>>> print(open('structure.txt').read())   # compact mmCIF, C-alpha atoms
# COMPACT_ATOMS: atom_id res chain seq x y z
CA MET A 1 5.74 71.30 22.88
CA ILE A 2 8.93 70.66 24.83
CA SER A 3 7.81 73.37 27.26
CA LEU A 4 4.35 71.81 27.61
CA VAL A 5 5.75 68.36 28.32
CA SER A 6 8.41 69.71 30.68
CA VAL A 7 5.87 71.61 32.75
CA ALA A 8 3.19 68.90 32.58
CA TRP A 9 5.53 66.33 34.14
CA SER A 10 7.38 68.64 36.55
CA TRP A 11 5.30 67.30 39.46
CA LEU A 12 7.53 64.23 39.36
CA PHE A 13 10.12 66.19 41.33
CA PHE A 14 7.63 66.82 44.12
CA ILE A 15 6.62 63.22 44.75
CA ASP A 16 7.86 61.39 47.83
CA ALA A 17 11.24 60.08 46.68
CA ALA A 18 11.34 57.79 49.70
CA ARG A 19 8.49 55.80 48.14
CA LEU A 20 10.86 54.83 45.33
CA SER A 21 13.84 54.17 47.57
CA THR A 22 14.77 54.42 51.24
CA ASN A 23 17.72 56.48 49.97
CA SER A 24 16.25 59.83 48.88
CA MET A 25 19.21 60.59 46.59
CA THR A 26 18.64 57.33 44.70
CA GLY A 27 14.96 58.21 44.49
CA TYR A 28 15.63 61.64 42.98
CA VAL A 29 18.17 60.25 40.51
CA THR A 30 15.55 57.71 39.44
CA ILE A 31 12.96 60.46 39.02
CA ALA A 32 15.39 62.56 36.96
CA VAL A 33 16.15 59.64 34.62
CA VAL A 34 12.46 58.92 34.10
CA TYR A 35 11.71 62.62 33.57
CA LEU A 36 14.41 62.99 30.89
CA ILE A 37 13.18 59.89 29.09
CA ILE A 38 9.61 61.20 29.14
CA VAL A 39 10.55 64.66 27.83
CA GLY A 40 12.82 63.25 25.16
CA LEU A 41 10.36 60.63 23.93
CA SER A 42 7.43 63.06 23.91
CA SER A 43 9.43 65.72 22.05
CA LEU A 44 10.44 63.17 19.42
CA VAL A 45 6.88 62.03 18.73
CA PHE A 46 5.44 65.54 18.67
CA GLY A 47 8.32 66.73 16.48
CA LEU A 48 7.68 63.96 13.94
CA ALA A 49 3.95 64.77 13.93
CA ILE A 50 4.59 68.48 13.31
CA HIS A 51 7.11 67.68 10.55
CA TYR A 52 4.61 65.39 8.83
CA LEU A 53 1.78 67.94 9.04
CA VAL A 54 3.94 70.76 7.68
CA GLN A 55 4.93 68.55 4.74
CA LYS A 56 1.29 67.69 3.97
CA ASN A 57 -0.05 71.20 4.55
CA ASN A 58 -0.58 71.93 0.84
CA THR A 59 -2.40 68.71 -0.09
CA GLY A 60 -6.18 68.37 -0.21
CA ASN A 61 -9.04 70.82 0.29
CA VAL A 62 -9.60 72.74 3.51
CA PHE A 63 -11.74 69.95 5.01
CA ILE A 64 -9.02 67.38 4.31
CA LYS A 65 -6.36 69.69 5.77
CA PHE A 66 -8.38 70.31 8.93
CA THR A 67 -9.21 66.63 9.42
CA ARG A 68 -5.62 65.58 8.82
CA VAL A 69 -4.25 67.98 11.42
CA ALA A 70 -6.97 67.17 13.97
CA SER A 71 -6.67 63.40 13.62
CA VAL A 72 -2.87 63.16 13.38
CA TRP A 73 -2.44 65.47 16.37
CA ALA A 74 -4.93 63.41 18.36
CA LEU A 75 -2.99 60.30 17.36
CA SER A 76 0.33 61.85 18.40
CA GLU A 77 -1.02 62.72 21.88
CA LEU A 78 -2.43 59.22 22.28
CA LEU A 79 0.87 57.70 21.16
CA VAL A 80 2.84 59.87 23.60
CA SER A 81 0.49 58.95 26.45
CA TRP A 82 0.89 55.25 25.69
CA LEU A 83 4.65 55.26 25.07
CA ILE A 84 5.26 57.04 28.38
CA ALA A 85 3.25 54.31 30.10
CA VAL A 86 5.36 51.71 28.29
CA VAL A 87 8.49 53.39 29.69
CA TRP A 88 6.99 52.85 33.14
CA ILE A 89 5.85 49.29 32.53
CA GLY A 90 6.82 46.68 35.10
CA LYS A 91 5.90 43.20 36.21
CA ASN A 92 2.43 44.28 37.37
CA GLY A 93 1.89 47.08 34.87
CA SER A 94 -0.79 47.06 32.18
CA TRP A 95 0.03 47.40 28.48
CA ASP A 96 -3.17 49.35 27.80
CA THR A 97 -2.36 52.01 30.42
CA VAL A 98 -1.85 55.60 29.26
CA PHE A 99 -0.49 58.71 31.01
CA PRO A 100 -2.37 61.58 29.33
CA PHE A 101 -0.77 64.50 31.17
CA ALA A 102 1.00 66.17 28.22
CA SER A 103 -2.22 66.95 26.38
CA PHE A 104 -3.87 70.27 25.63
CA SER A 105 -7.13 68.62 26.65
CA THR A 106 -6.27 68.96 30.33
CA ILE A 107 -6.46 72.73 29.71
CA ILE A 108 -9.35 72.79 27.23
CA ILE A 109 -11.58 70.65 29.47
CA ASN A 110 -11.67 73.61 31.87
CA THR A 111 -13.23 75.87 29.20
CA PRO A 112 -16.73 75.83 27.62
CA PHE A 113 -15.23 73.82 24.74
CA ARG A 114 -15.26 70.83 27.11
CA PHE A 115 -18.72 69.88 25.81
CA LEU A 116 -17.11 69.12 22.44
CA SER A 117 -15.54 66.09 24.14
CA ARG A 118 -18.96 64.39 24.07
CA PHE A 119 -18.44 63.99 20.32
CA VAL A 120 -14.67 63.71 19.84
CA GLY A 121 -13.26 62.34 23.13
CA PHE A 122 -10.14 63.32 25.05
CA TYR A 123 -7.45 63.31 22.36
CA GLY A 124 -9.95 64.43 19.76
CA LEU A 125 -10.75 67.51 21.84
CA SER A 126 -7.13 68.59 21.70
CA GLY A 127 -6.83 67.63 18.02
CA VAL A 128 -9.84 69.70 16.95
CA ILE A 129 -8.77 72.84 18.82
CA VAL A 130 -5.14 72.51 17.63
CA ALA A 131 -6.35 72.07 14.03
CA ALA A 132 -8.69 75.06 14.24
CA SER A 133 -5.89 77.18 15.71
CA SER A 134 -3.54 76.13 12.91
CA MET A 135 -6.14 77.32 10.39
CA VAL A 136 -5.82 80.82 11.85
CA LEU A 137 -2.02 80.74 11.86
CA THR A 138 -1.66 79.41 8.31
CA LYS A 139 -2.00 82.07 5.61
CA SER A 140 -3.51 79.75 2.98
CA THR A 141 -6.36 78.64 5.26
CA ARG A 142 -6.89 81.77 7.35
CA HIS A 143 -9.98 82.87 5.41
CA TYR A 144 -11.66 79.55 6.34
CA ALA A 145 -10.94 79.93 10.05
CA GLN A 146 -14.17 81.75 10.84
CA THR A 147 -16.24 78.92 9.35
CA ILE A 148 -14.19 76.31 11.18
CA TRP A 149 -14.56 78.01 14.56
CA LEU A 150 -18.28 78.61 13.98
CA SER A 151 -18.72 74.88 13.30
CA ILE A 152 -16.83 74.04 16.49
CA LEU A 153 -18.99 76.47 18.45
CA ILE A 154 -22.16 74.87 17.06
CA LEU A 155 -20.93 71.37 18.02
CA THR A 156 -20.00 72.64 21.47
CA VAL A 157 -23.47 74.08 22.00
CA LEU A 158 -25.02 70.83 20.74
CA GLY A 159 -22.81 68.83 23.13
CA TRP A 160 -24.06 70.97 25.98
CA GLY A 161 -27.71 71.15 24.92
CA LEU A 162 -28.29 67.50 24.04
CA PHE A 163 -26.78 66.03 27.22
CA THR A 164 -26.87 68.74 29.88
CA LYS A 165 -29.97 67.35 31.57
CA THR A 166 -29.96 64.02 33.40
CA ASN A 167 -32.78 61.48 33.42
CA GLY A 168 -31.97 59.67 36.67
CA ALA A 169 -32.63 60.25 40.35
CA SER A 170 -31.00 62.32 43.08
CA VAL A 171 -28.75 60.34 45.42
CA THR A 172 -27.53 61.62 48.79
CA THR A 173 -23.83 60.86 48.71
CA THR A 174 -21.08 61.31 51.29
CA ILE A 175 -17.53 62.20 50.23
CA VAL A 176 -14.62 61.60 52.60
CA ALA A 177 -11.16 63.20 52.90
CA GLU A 178 -8.72 61.52 55.29
CA LYS A 179 -5.00 61.09 55.92
CA LEU A 180 -3.01 57.88 55.80
CA GLY A 181 -1.50 56.88 59.10
CA ARG A 182 -4.19 58.54 61.18
CA PRO A 183 -6.95 56.50 62.81
CA GLN A 184 -9.93 56.25 60.49
CA LYS A 185 -12.93 58.20 61.71
CA LEU A 186 -16.25 56.58 62.52
CA LEU A 187 -18.63 58.04 59.99
CA LEU A 188 -22.12 58.80 61.27
CA ASP A 189 -24.18 58.85 58.16
CA ASP A 190 -27.68 58.46 56.79
CA ALA A 191 -26.78 59.03 53.13
CA GLN A 192 -27.78 56.53 50.47
CA LEU A 193 -24.18 56.14 49.28
CA VAL A 194 -20.79 56.67 50.94
CA ILE A 195 -17.60 56.92 48.88
CA LEU A 196 -14.58 55.97 50.99
CA PRO A 197 -10.93 56.69 50.08
CA GLU A 198 -8.43 54.12 48.92
CA TYR A 199 -7.49 51.97 51.95
CA GLY A 200 -10.60 53.37 53.62
CA LEU A 201 -11.74 49.87 54.59
CA ASP A 202 -8.44 48.64 56.03
CA GLN A 203 -8.93 46.92 59.38
CA THR A 204 -12.61 46.57 58.50
CA THR A 205 -14.39 43.30 57.83
CA SER A 206 -17.81 42.43 56.54
CA LYS A 207 -18.93 41.76 60.09
CA ASN A 208 -17.63 44.87 61.84
CA ILE A 209 -18.58 47.53 59.29
CA SER A 210 -20.40 49.40 62.08
CA ARG A 211 -16.97 50.36 63.48
CA ARG A 212 -16.37 52.34 60.28
CA LEU A 213 -19.82 53.39 59.18
CA LEU A 214 -22.72 53.90 61.56
CA THR A 215 -26.15 54.96 60.42
CA SER A 216 -29.34 56.00 62.21
CA THR A 217 -31.58 55.17 59.28
CA SER A 218 -33.41 51.87 58.95
CA SER A 219 -32.47 51.68 55.28
CA ALA A 220 -29.15 50.17 54.24
CA VAL A 221 -26.38 52.63 53.38
CA TYR A 222 -24.27 51.46 50.43
CA PHE A 223 -20.54 52.13 50.30
CA VAL A 224 -17.51 51.69 48.09
CA GLY A 225 -13.85 51.96 49.06
CA SER A 226 -10.74 49.84 48.94
CA LYS A 227 -9.11 47.39 51.33
CA GLN A 228 -5.50 46.25 51.37
CA GLN A 229 -4.97 42.69 52.51
CA SER A 230 -2.30 40.00 52.54
CA SER A 231 -2.66 36.36 51.57
CA SER A 232 0.22 33.85 51.44
CA GLY A 233 2.69 36.73 51.45
CA ASP A 234 1.05 38.51 48.52
CA ILE A 235 -0.44 41.97 49.08
CA SER A 236 -3.52 43.01 47.13
CA ASN A 237 -5.70 46.09 47.09
CA SER A 238 -9.35 45.33 46.45
CA LEU A 239 -12.11 47.71 45.44
CA THR A 240 -14.87 46.79 47.87
CA PHE A 241 -18.62 47.33 47.61
CA GLY A 242 -21.14 46.68 50.35
CA SER A 243 -23.91 47.95 52.59
CA THR A 244 -24.43 48.51 56.30
CA GLY A 245 -27.07 45.80 56.26
CA ASP A 246 -25.22 43.06 54.40
CA GLY A 247 -21.54 43.88 54.85
CA PHE A 248 -19.15 43.30 51.92
CA LEU A 249 -21.02 42.32 48.76
CA LEU A 250 -18.28 42.40 46.10
CA GLN A 251 -14.49 42.73 46.07
CA GLU A 252 -12.42 43.32 42.92
CA LYS A 253 -8.63 43.37 42.96
CA LYS A 254 -7.21 46.63 41.68
CA THR A 255 -6.08 46.37 38.06
CA ARG A 256 -4.45 49.80 37.58
CA LEU A 257 -1.32 50.00 39.70
CA ILE A 258 0.92 53.01 40.30
CA PRO A 259 4.52 52.71 39.00
CA GLY A 260 6.94 53.43 41.81
CA GLY A 261 4.19 53.15 44.39
CA GLU A 262 2.79 49.66 43.80
CA TYR A 263 5.28 48.12 41.39
CA LEU A 264 8.78 48.92 40.12
CA PRO A 265 9.11 49.86 36.44
CA TYR A 266 11.72 47.88 34.53
CA VAL A 267 13.53 51.08 33.53
CA VAL A 268 14.35 52.05 37.14
CA SER A 269 14.70 48.61 38.74
CA PRO A 270 18.42 48.26 37.83
CA ILE A 271 19.18 51.74 39.24
CA ILE A 272 17.54 51.05 42.59
CA ASN A 273 18.94 47.52 42.76
CA ARG A 274 22.45 48.82 42.04
CA PHE A 275 22.55 51.75 44.44
CA ASP A 276 20.05 50.67 47.12
CA PRO A 277 19.66 46.86 47.06
CA SER A 278 18.01 46.73 50.49
CA SER A 279 15.28 49.11 49.34
CA TYR A 280 14.84 47.09 46.16
CA ALA A 281 14.42 43.86 48.13
CA ASP A 282 12.07 45.53 50.59
CA PHE A 283 9.89 46.80 47.76
CA GLN A 284 9.69 43.47 46.00
CA VAL A 285 8.74 41.64 49.20
CA GLU A 286 6.79 44.12 51.31
CA ARG A 287 5.38 46.82 49.04
CA ALA A 288 4.63 45.34 45.62
CA ILE A 289 0.90 44.92 44.99
CA VAL A 290 -0.54 41.95 43.12
CA LYS A 291 -2.59 43.08 40.15
CA GLY A 292 -6.11 41.80 39.57
CA ILE A 293 -6.70 39.99 36.30
CA GLN A 294 -10.42 40.68 35.92
CA PRO A 295 -11.49 44.06 34.50
CA ILE A 296 -13.54 46.21 36.84
CA LYS A 297 -17.31 46.02 36.40
CA PRO A 298 -20.20 48.25 37.47
CA PHE A 299 -21.85 47.49 40.79
CA TYR A 300 -25.65 47.34 40.53
CA ILE A 301 -27.49 48.64 43.58
CA ASP A 302 -30.81 48.99 41.77
CA LYS A 303 -31.97 49.72 38.22
CA ASP A 304 -31.27 53.43 38.67
CA LEU A 305 -28.15 53.50 40.88
CA VAL A 306 -25.26 51.68 39.20
CA LEU A 307 -21.74 52.49 40.38
CA GLY A 308 -18.88 52.79 37.92
CA SER A 309 -16.03 52.80 40.43
CA GLY A 310 -12.26 52.82 40.17
CA ALA A 311 -9.39 53.01 42.63
CA CYS A 312 -6.71 55.69 42.53
CA SER A 313 -4.84 55.46 39.21
CA SER A 314 -8.01 54.60 37.30
CA ILE A 315 -8.49 58.38 37.27
CA ILE A 316 -5.95 58.61 34.42
CA SER A 317 -7.53 55.77 32.44
CA THR A 318 -10.29 57.41 30.43
CA GLN A 319 -11.12 54.11 28.75
CA ASP A 320 -11.92 52.48 32.12
CA TYR A 321 -14.70 54.92 32.97
CA ARG A 322 -15.97 54.90 29.41
CA HIS A 323 -16.31 51.09 29.53
CA LEU A 324 -18.03 51.29 32.92
CA THR A 325 -20.52 53.79 31.50
CA ARG A 326 -21.14 51.60 28.44
CA GLN A 327 -21.86 48.71 30.78
CA GLY A 328 -24.58 50.68 32.53
CA ALA A 329 -22.91 52.85 35.20
CA THR A 330 -25.12 55.80 36.11
CA ILE A 331 -22.61 57.51 38.44
CA LEU A 332 -18.79 57.41 38.44
CA THR A 333 -16.59 57.27 41.54
CA ASN A 334 -12.91 57.10 42.44
CA SER A 335 -11.32 56.04 45.73
CA ALA A 336 -7.86 57.61 45.80
CA SER A 337 -4.71 57.76 47.92
CA LEU A 338 -2.54 60.71 46.90
CA ASP A 339 0.15 60.78 49.58
CA ILE A 340 2.95 59.91 47.14
CA PHE A 341 2.33 63.17 45.26
CA ALA A 342 3.15 65.19 48.39
CA GLY A 343 0.39 67.73 47.83
CA SER A 344 1.58 68.80 44.35
CA ARG A 345 -0.86 71.46 43.13
CA LEU A 346 -0.01 70.75 39.51
CA PHE A 347 -0.81 67.05 39.82
CA SER A 348 -3.97 67.85 41.76
CA TRP A 349 -5.09 70.20 38.98
CA GLN A 350 -4.33 67.62 36.28
CA GLN A 351 -6.12 64.89 38.21
CA ARG A 352 -9.17 67.13 38.63
CA SER A 353 -9.10 67.97 34.91
CA LEU A 354 -9.16 64.27 34.03
CA ALA A 355 -12.09 63.73 36.41
CA LYS A 356 -13.90 66.60 34.71
CA PHE A 357 -13.35 64.89 31.37
CA MET A 358 -14.82 61.63 32.70
CA ALA A 359 -17.86 63.52 33.96
CA VAL A 360 -18.48 65.66 30.87
CA ALA A 361 -17.61 63.22 28.07
CA ASN A 362 -19.76 60.45 29.58
CA SER A 363 -22.38 62.86 31.02
CA ARG A 364 -22.12 61.34 34.49
CA SER A 365 -21.70 62.72 37.98
CA PHE A 366 -18.16 62.03 39.20
CA VAL A 367 -17.36 61.68 42.91
CA GLN A 368 -13.93 61.20 44.51
CA SER A 369 -12.89 60.52 48.09
CA ALA A 370 -9.21 60.56 48.94
CA ASN A 371 -6.47 59.99 51.45
CA ASP A 372 -4.02 62.92 51.61
CA GLY A 373 -5.93 64.84 48.98
CA ASP A 374 -9.14 66.69 48.28
CA ALA A 375 -12.47 64.92 48.07
CA TYR A 376 -14.84 66.46 45.55
CA ALA A 377 -18.00 65.97 43.53
CA LEU A 378 -18.72 67.07 39.95
CA ASN A 379 -22.04 67.03 38.14
CA ASN A 380 -22.45 65.59 34.65
CA ASN A 381 -21.47 68.94 33.11
CA GLY A 382 -18.21 69.09 35.04
CA ASP A 383 -19.39 71.77 37.46
CA ASN A 384 -18.06 71.57 41.01
CA ILE A 385 -20.73 70.51 43.53
CA ALA A 386 -18.57 70.24 46.62
CA GLU A 387 -14.95 70.02 47.78
CA ILE A 388 -13.40 69.22 51.16
CA ASN A 389 -9.87 68.90 52.53
CA PRO A 390 -8.56 66.28 54.94
CA VAL A 391 -9.77 65.46 57.53
CA ASP A 392 -13.50 65.83 56.90
CA TYR A 393 -16.58 64.32 55.29
CA LYS A 394 -19.63 65.91 53.73
CA LYS A 395 -23.02 64.84 52.46
CA ILE A 396 -23.98 66.13 49.02
CA THR A 397 -26.58 65.37 46.36
CA SER A 398 -25.47 63.75 43.11
CA THR A 399 -27.65 62.73 40.19
CA THR A 400 -27.66 59.51 38.20
CA ASN A 401 -27.99 59.46 34.42
CA HIS A 402 -28.78 56.83 31.79
CA ARG A 403 -28.19 58.88 28.63
CA ILE A 404 -25.27 57.79 26.45
CA THR A 405 -23.03 60.25 24.60
CA PRO A 406 -21.38 59.58 21.22
CA TYR A 407 -18.01 59.39 22.97
CA THR A 408 -19.25 56.67 25.31
CA THR A 409 -20.45 54.72 22.27
CA PHE A 410 -17.58 55.23 19.84
CA GLY A 411 -14.62 56.14 22.05
CA GLU A 412 -11.46 57.77 20.69
CA TRP A 413 -12.31 57.56 16.99
CA LEU A 414 -10.26 60.54 15.74
CA PRO A 415 -6.82 58.92 16.30
CA ILE A 416 -8.05 56.03 14.13
CA VAL A 417 -8.70 58.55 11.34
CA GLY A 418 -5.13 59.76 11.90
CA ILE A 419 -3.81 56.25 11.35
CA MET A 420 -5.78 56.07 8.10
CA PHE A 421 -4.22 59.33 6.91
CA LEU A 422 -0.72 58.06 7.69
CA LEU A 423 -1.33 54.77 5.89
CA SER A 424 -2.92 56.49 2.90
CA ASP A 425 -0.17 59.09 2.56
CA GLY A 426 2.50 56.43 3.02
CA PHE A 427 0.93 54.24 0.35
CA ASN A 428 0.69 57.16 -2.09
CA GLN A 429 4.30 58.10 -1.47
CA ILE A 430 5.43 54.56 -2.29
CA LYS A 431 3.11 54.43 -5.31
CA ASN A 432 4.36 57.73 -6.74
CA ARG A 433 8.03 57.01 -6.16
CA LYS A 434 9.79 56.93 -9.53
CA PRO A 435 11.91 53.82 -10.21
CA LYS A 436 15.64 54.42 -10.69
CA LYS A 437 16.93 54.16 -14.25
CA LEU A 438 19.31 51.34 -14.96
CA GLY A 439 22.68 51.95 -16.54
>>> encode(input="structure.txt", output="structure tokens")
Amino acid sequence: MISLVSVAWSWLFFIDAARLSTNSMTGYVTIAVVYLIIVGLSSLVFGLAIHYLVQKNNTGNVFIKFTRVASVWALSELLVSWLIAVVWIGKNGSWDTVFPFASFSTIIINTPFRFLSRFVGFYGLSGVIVAASSMVLTKSTRHYAQTIWLSILILTVLGWGLFTKTNGASVTTTIVAEKLGRPQKLLLDDAQLVILPEYGLDQTTSKNISRRLLTSTSSAVYFVGSKQQSSSGDISNSLTFGSTGDGFLLQEKKTRLIPGGEYLPYVVSPIINRFDPSSYADFQVERAIVKGIQPIKPFYIDKDLVLGSGACSSIISTQDYRHLTRQGATILTNSASLDIFAGSRLFSWQQRSLAKFMAVANSRSFVQSANDGDAYALNNNGDNIAEINPVDYKKITSTTNHRITPYTTFGEWLPIVGIMFLLSDGFNQIKNRKPKKLG
């Protein structure tokens, strides 16, 4: 597990250190400190989980053993994802944020077993496959492994068969890949929906939208992107919905901010302040983004087309897109800016894997436009529809869907089962502890 965590977070060393500090050396020292904390904390949690499961390996029937391993492992991955986010918490961070990079699910979601996620969720997907694999590796349960894997295969096929078809309409959608710092292109488009990157509406107002998006059709073209703006010295980044006919219709301040990019985590603030005070002051005054306090909501265009949209770091928040789907979203979108990751292929792969989970687990098309990164579109089964590199845009066809999966309804239920196992086993251990004899 140390190897998994070490590799999963190695992209940290490829991010733009200058975004953390004007002094690159300070930036890399900060990254190294954060990286070591992440690896150490993750290894501790996973080590404790493995120790507990080995101790309890001989208790209960095979069903109890399998469920215990699956649920406790799912819980350990969730706990690691959350504790890492806590390490990176800052003034404008969110306590319910998770960083789910060190999970086997980012690998499994790229296999046919991804359809199992419609029943067990993100951490549950990893937990189930880890538990089934442990059945094969453990001598006492090996003869049950075939039955376990057959059951998983049946659930996987059911997850595919029950939700593979959509019941919505086809929507012509334009995805956009641009680069920060370059003049934004005028998009000539007659699509029904345009997904713009993060900051894709900077320098654009409700009245001059035709400078950004020009259409030859008489029907309104709807769009979603983000716009950075300053008010009374505070900088905010707002997810913005609108149409070519009516301009901006709704703006929501971004609620998921990037540590190091949009706020300084508490753990690194003293380092930067000590070794590069000018950079620290510049960040606090010029670069820190004010977080929105209202949770993002779906944007209703009509009864069939309902956008569940996020900006940038929402891509790592599986609960955000699940809540948007529960509230009626029929298509999921993300407006991203990926320049800080300096083109890291590993991060790009992980980000795409998380998008595939959002699409498959919720059975929704997922569309992303990006600055300094690929724009792409996935169908509700996680299959790639289109992909473009900066600087370009492309019209594709996505499909809306109203069907709700068990994951969308119940969320990450398997880690809760893991908590119940821990409480039950802890209670039994206390109950069975023999009192010491006096004298």
>>> closest_residue(input="structure.txt", among="A:Trp349, A:Thr397, A:Ile107, A:Trp160", to="Val367 (chain A)", atoms="only C-alpha atoms")
A:Thr397
>>> closest_residue(input="structure.txt", among="A:Ile109, A:Gly40, A:Ile15, A:Leu250", to="Ser3 (chain A)", atoms="only C-alpha atoms")
A:Gly40
>>> residues_near_point(input="structure.txt", point="(-13.5, 62.4, 51.6)", cutoff="10 Å", atoms="all atoms listed in the file", output="VMD selection string")
chain A and resid 174 to 179 194 to 197 200 335 to 336 367 to 377 387 to 395
>>> closest_residue(input="structure.txt", among="A:Gly382, A:Pro100, A:Gly47, A:Gly292", to="Leu79 (chain A)", atoms="all atoms listed in the file")
A:Pro100
>>> residues_around(input="structure.txt", residues="Gln229 (chain A)", least_positions_apart="5", cutoff="12 Å", atoms="all atoms listed in the file", output="NGL selection string")
:A and (199 or 201-205 or 234-240 or 251 or 253-254 or 286-287 or 289-290)
>>> residues_around(input="structure.txt", residues="Ser353 (chain A)", least_positions_apart="5", cutoff="10 Å", atoms="all atoms listed in the file", output="PyMOL selection string")
chain A and resi 101+105-110+315-316+347-348+358-359+382
>>> atom_distance(input="structure.txt", atom1="CA of Thr30 (chain A)", atom2="CA of Ile271 (chain A)")
7.0 Å
>>> atom_distance(input="structure.txt", atom1="CA of Ile38 (chain A)", atom2="CA of Thr318 (chain A)")
20.3 Å
>>> residues_around(input="structure.txt", residues="Ala329 (chain A)", least_positions_apart="2", cutoff="6 Å", atoms="all atoms listed in the file", output="MDAnalysis selection string")
chainID A and resid 298 306:308 324:325 331
